[in-house]
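Undergrad: Sharing a structure, written as structure tokens. Questions coming.
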Amino acid sequence: MANTSSKVTAHGEFFELEPGDDVLSSPRYNADIAPTQVHQRTWTRWNIASLWVGMAICVPTYTLGGVLTAYFGLSVAEALVTILVANIIILIPLTLNAFPGTKFGIPFPVVLRSSFGIIGSNVPALIRALVACGWFGIQTLFGGIAIHLLLSALFDSWANLGGTGEVLGFFIFWVANLWVVIRGAESIKHLEAIAAPMLLLVAIGLVIWAWPNASVSELLAQPPDRPDNVSIITYFMGGLTAMVGFWATLSLNIPDFSRYARAQKSQIFGQVIGLPLTMFLFAGLGVLLTSASGTLVGETVSDPINLIGKIDNTFWVVVSMIMIIVATISTNTAANIVSPTNDFQNVAPKYINQTKGVLVTGLIGLLLMSWELFKKLDWIESDVSVESLYSNWLIGYSSLLGPIAGIMIVDYFIIRKQHYELADLYLDGGIYPAWNAAGFLAFGVPVALTLVAITTGKLGWFYNYGWFTGSIMGALLYFLAARMSGTHSPGVAAVHSGQQ
């Protein structure tokens, strides 16, 4: 006979849900967003570190140094320091927001059910999902170009396709990404474990190739592109906000991965090991290769895919493009497909499972990047570049996501005192409301101020430092609103003891 009610069992630092009829019949539950069982929590610190190496080594990271020098008026040295500091800062919300995922085995949208409500969680989750779909389209475009250059190096007939070959490469890469995620979390874990050492070796090889043709001292001595005798603070803070915004998305949905961690120490050390240094070194590699590209290939090229494509050696082009394809798949699957897949399931778990969530993500990403595909097919003309698109996104979307990060941290550590009633997170009419007014107040005020800054030109500082102002204000407002509304942790309920 099936259980009539669910049971929650403590296993060391973990909590595990044994769903009963109440949860199994709930419209807020399916097996794919259910809490992971203890035996599924197998990711070590090295798996987490590999995840971050695989995500950090990608084309956008490679171009960050150029983005900061071109768009934010920083010198090369200042840009690299900014990238390092930003990734140390983003470790704070990353590790803190990973805690509930590790302890309770729940994904990001289910964590949001505590602070925004069972139904209300869909609002911030879908905001996060839309951003991820956009990045999925951008990364798939890069991967498609790599596939096109790979096949062009092997077959002259493919090279003659031009932009059409890039579009076909886009769809080949699109299918490969969706296939990896549909296969599940273990597929991603194994991919990242294989990709991380390969990508590090390729990075070392590129340094050896470029080093004799780049003057590091001259590179670091280049003056910044900003007015003389102007304080660096404004430029540095603008760049810092943008670089924090680069991983602002993952600082929210990190529970999607930490729910598989073997222990809290695994997610903490894995992220510390894998993120800041990888971002700093690969961004530095991008600056180095771009500066050396004039000597290497006769022109300045800031895109590693096109730079490698200009090498007059078929073997090395093929090998390098395979590595770039692996790098982009490892980034795209983890950073841009897993989260929206879970977020779309959260809307209607009984109708959208993991496979359907992946397909929805893929279709939206395709639609968002369709304008660029039409350009490559010469169907439309547009002056909007992909680089300027994602550069402008960095501040814009961090302004929206900052408050969510602050709200999540305050809710779990202060309001809920690191405890959830696990079964109730999957029920209508449980202790968590359908809509949590405190969460929406804390989210709405910073977003409203951001919109005022954008539309009126006033409060420019609030928008320019969007992630910092948004996360701090969101955290404070949520704390006050939750306390005034009486929201609190019901206390650690009685659980059935178990052994890990």
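Chain identifiers are assigned as A, B, and so on, following the order in which chains appear in the structure tokens; residues are numbered from 1 within each chain, and ligands are numbered from 1 in order of appearance.
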Residues at most 8 Å from Ala283 in chain A, counting only C-alpha atoms, excluding those fewer than 4 positions away in the same chain, as number ranges by chain?

TA: A: 61-65, 80, 83, 279, 287

Undergrad: Show me, as a list in words, the residues that have an atom within 9 Å of Val111 in chain A when counting only C-alpha atoms, minus same-chain residues fewer than 4 positions from it.

TA: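 These residues fall inside the cut-off: Pro100, Gly101, Ile106, Pro107, Ser115, Ser121, Pro255, Met408, Tyr412 and Leu425 of chain A.
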
Undergrad: Would you kindly return, as an NGL selection string, each protein, DNA or RNA residue with an atom no farther than 9 Å from any atom of Leu84 in chain A, considering only C-alpha atoms and excluding same-chain residues fewer than 3 positions away?

TA: :A and (79-81 or 87-89 or 276-277 or 279-280)

Undergrad: If you run DSSP on the backbone, which residues of range 51-287 of chain A are alpha helix (DSSP H), as an MDAnalysis selection string?

TA: chainID A and resid 51:56 59:62 64:71 76:104 108:116 122:154 156:159 163:182 185:210 216:221 232:246 250:253 255:258 264:274 276:287

Undergrad: Using CA of Ala153 in chain A and CA of Val317 in chain A as the two end points, give the distance in Å to one decimal.

TA: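 We find that CA of Ala153 in chain A and CA of Val317 in chain A lie 7.1 Å from each other.
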